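Asker: Please find one structure pasted underneath; my questions will follow.
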Amino acid sequence: MNDLLEQLRSLDANDIGRWPFAIRAAVIAIVFVAVVAGGFYLQIVRDYQPRLERAEREETDLRRNFEDKQRMAANLDDYRAQLEEMEQSFGAMLRQLPSQTEVPNLLVDISQTGLGAGLEEKLFQPSPEVQRDFYAELPIRIRLEGGYHEMGEFVSGIAALPRIVTLHDIQIQRSGGRGNDRPDRLTLDVTAKTYRYLDEDMNGQ
């Protein structure tokens, strides 16, 4: 052993050709193994690096999804309470929609609102129903004549009705054209829309 160590110390790194054959073979073998191992390692790293990065991204996404679901689970009672409140509000809105049998009375209420405000009714023309997703829309063309304040009272009266009625395409102009001797008299053209829930029709089918 001591002879081997002494022999290794006496080797001249600048004159490898004079090294003993066994040592040269051992060095060549060591260098070959190191090169092969290094190349193999680099090949593995190059092949698996994208997979590793993809796995890390997936892990991040999964952790984020888990945290989101954990927060949702923690707030589940609040969500249920909000859903119940929304269902109650939606039910209250549906109750404001007239049934098919209530529509004629609602039309009378709309007409009486204009007359009660002191306006003169020139046109009151219900149009055919237009069916939407879960409700039917009933447009009514209305033309009223009167003063500005009376028209404001009419709009307020429509808003105060117990059923949902909306006003669209509002146009106000002076009555009688340029020769009108009453410049304060105005004509209101408006389309009022009321709505009917279609569930009763579906249940009847």
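Labels used: A, B, ... for chains in the order of the structure tokens, numbers from 1 for residues in each chain, and numbers from 1 for ligands as shown.
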Can you pull out every residue within 8 Å of A:Arg143, counting only C-alpha atoms, but drop anything in the same chain fewer than 5 positions away, and send it as JSON, numbers by chain?
Answerer: {"A": [121, 122, 123, 124, 187, 188, 189, 190]}
Asker: Between A:Gly114, A:Gly146, A:Gly157, A:Pro50, which one has atoms that come closest to A:Ile172, using only C-alpha atoms?
Answerer: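 The closest residue to A:Ile172 is A:Gly146.
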Asker: Write down as a PyMOL selection string the residues belonging to stretch 23-173 of chain A that are assigned helix (DSSP H, G or I) by DSSP computed on the backbone.
Answerer: chain A and resi 23-74+76-95+103-116+148-159
Asker: Name all residues at most 12 Å from A:Gly152 (count only C-alpha atoms; drop same-chain ones fewer than 3 positions away) and give them as a PyMOL selection string.
Answerer: chain A and resi 113-114+117-119+144+146-149+155-159+172+186+188
Asker: Measure the distance from atom CA of A:Asp68 to atom CA of A:Glu85 in Å and round it to one decimal.
Answerer: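 Between these atoms lies a distance of 23.5 Å.
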Asker: I'd like the contact shell of A:Val130 - 12 Å cut-off, only C-alpha atoms, skipping same-chain residues fewer than 2 positions apart - returned as a list of chain:residue names.
Answerer: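 The filter keeps A:Pro126, A:Ser127, A:Pro128, A:Arg132, A:Asp133, A:Phe134, A:Tyr135, A:Ala136, A:Glu137, A:Leu138, A:Pro139, A:Ile140, A:Lys193, A:Thr194, A:Tyr195, A:Arg196, A:Tyr197, A:Leu198.
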Asker: Using only N, CA and C atoms, please write the residues we just selected to a file, as a PDB file, in the first residue's frame.
Answerer:
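This went into out_36.pdb:
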ATOM      1  N   PRO A 126    -103.797  47.880 -25.395  1.00  0.00           N
ATOM      2  CA  PRO A 126    -102.963  46.713 -25.059  1.00  0.00           C
ATOM      3  C   PRO A 126    -102.553  45.971 -26.329  1.00  0.00           C
ATOM      4  N   SER A 127    -101.303  45.526 -26.371  1.00  0.00           N
ATOM      5  CA  SER A 127    -100.775  44.755 -27.501  1.00  0.00           C
ATOM      6  C   SER A 127    -100.708  43.280 -27.106  1.00  0.00           C
ATOM      7  N   PRO A 128    -100.538  42.396 -28.087  1.00  0.00           N
ATOM      8  CA  PRO A 128    -100.434  40.965 -27.748  1.00  0.00           C
ATOM      9  C   PRO A 128     -99.258  40.684 -26.809  1.00  0.00           C
ATOM     10  N   ARG A 132     -91.395  35.537 -22.742  1.00  0.00           N
ATOM     11  CA  ARG A 132     -89.962  35.490 -22.461  1.00  0.00           C
ATOM     12  C   ARG A 132     -89.631  34.132 -21.849  1.00  0.00           C
ATOM     13  N   ASP A 133     -88.554  34.063 -21.070  1.00  0.00           N
ATOM     14  CA  ASP A 133     -88.125  32.780 -20.513  1.00  0.00           C
ATOM     15  C   ASP A 133     -89.174  32.170 -19.598  1.00  0.00           C
ATOM     16  N   PHE A 134     -89.533  32.888 -18.563  1.00  0.00           N
ATOM     17  CA  PHE A 134     -90.484  32.340 -17.586  1.00  0.00           C
ATOM     18  C   PHE A 134     -91.630  33.304 -17.311  1.00  0.00           C
ATOM     19  N   TYR A 135     -91.761  34.330 -18.121  1.00  0.00           N
ATOM     20  CA  TYR A 135     -92.838  35.289 -17.929  1.00  0.00           C
ATOM     21  C   TYR A 135     -93.312  35.793 -19.281  1.00  0.00           C
ATOM     22  N   ALA A 136     -94.499  36.373 -19.274  1.00  0.00           N
ATOM     23  CA  ALA A 136     -95.046  37.006 -20.468  1.00  0.00           C
ATOM     24  C   ALA A 136     -95.078  38.504 -20.245  1.00  0.00           C
ATOM     25  N   GLU A 137     -94.768  39.238 -21.300  1.00  0.00           N
ATOM     26  CA  GLU A 137     -94.715  40.704 -21.248  1.00  0.00           C
ATOM     27  C   GLU A 137     -95.925  41.250 -22.003  1.00  0.00           C
ATOM     28  N   LEU A 138     -96.666  42.144 -21.350  1.00  0.00           N
ATOM     29  CA  LEU A 138     -97.866  42.719 -21.964  1.00  0.00           C
ATOM     30  C   LEU A 138     -97.649  44.217 -22.160  1.00  0.00           C
ATOM     31  N   PRO A 139     -97.330  44.661 -23.384  1.00  0.00           N
ATOM     32  CA  PRO A 139     -97.145  46.096 -23.642  1.00  0.00           C
ATOM     33  C   PRO A 139     -98.496  46.791 -23.843  1.00  0.00           C
ATOM     34  N   ILE A 140     -98.577  48.028 -23.381  1.00  0.00           N
ATOM     35  CA  ILE A 140     -99.798  48.824 -23.531  1.00  0.00           C
ATOM     36  C   ILE A 140     -99.400  50.207 -24.026  1.00  0.00           C
ATOM     37  N   LYS A 193     -95.559  48.508 -19.578  1.00  0.00           N
ATOM     38  CA  LYS A 193     -95.417  47.054 -19.677  1.00  0.00           C
ATOM     39  C   LYS A 193     -95.685  46.429 -18.325  1.00  0.00           C
ATOM     40  N   THR A 194     -96.577  45.450 -18.333  1.00  0.00           N
ATOM     41  CA  THR A 194     -96.768  44.632 -17.143  1.00  0.00           C
ATOM     42  C   THR A 194     -96.396  43.202 -17.502  1.00  0.00           C
ATOM     43  N   TYR A 195     -96.243  42.361 -16.494  1.00  0.00           N
ATOM     44  CA  TYR A 195     -95.652  41.045 -16.708  1.00  0.00           C
ATOM     45  C   TYR A 195     -96.480  39.988 -16.004  1.00  0.00           C
ATOM     46  N   ARG A 196     -96.497  38.797 -16.598  1.00  0.00           N
ATOM     47  CA  ARG A 196     -97.253  37.684 -16.026  1.00  0.00           C
ATOM     48  C   ARG A 196     -96.361  36.459 -15.959  1.00  0.00           C
ATOM     49  N   TYR A 197     -96.359  35.809 -14.809  1.00  0.00           N
ATOM     50  CA  TYR A 197     -95.544  34.613 -14.604  1.00  0.00           C
ATOM     51  C   TYR A 197     -96.185  33.458 -15.371  1.00  0.00           C
ATOM     52  N   LEU A 198     -95.364  32.687 -16.104  1.00  0.00           N
ATOM     53  CA  LEU A 198     -95.896  31.645 -16.985  1.00  0.00           C
ATOM     54  C   LEU A 198     -96.020  30.297 -16.299  1.00  0.00           C
TER      55      LEU A 198
END
Asker: Using only C-alpha atoms, which of the listed residues (A:Ile110, A:Pro104, A:Glu150, A:Ile142) sits closest to A:Ile164?
Answerer: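 With only C-alpha atoms as the atom set, the closest residue is A:Ile110.
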Asker: With distances taken over only C-alpha atoms, which residue among A:Leu167, A:Lys69, A:Ser175, A:Phe154 lies nearest A:Thr191?
Answerer: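 Using only C-alpha atoms, the shortest distance to A:Thr191 belongs to A:Leu167.
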Asker: One decimal, in Å: what's the spacing between atom CA of A:Glu53 and atom CA of A:Ala37?
Answerer: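 Separation of atom CA of A:Glu53 and atom CA of A:Ala37: 23.4 Å.
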Asker: So, counting only C-alpha atoms, which residue among A:Glu145, A:Gln112, A:Leu106, A:Arg51 is closest to A:Arg163?
Answerer: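 Result for the nearest residue to A:Arg163: A:Leu106.
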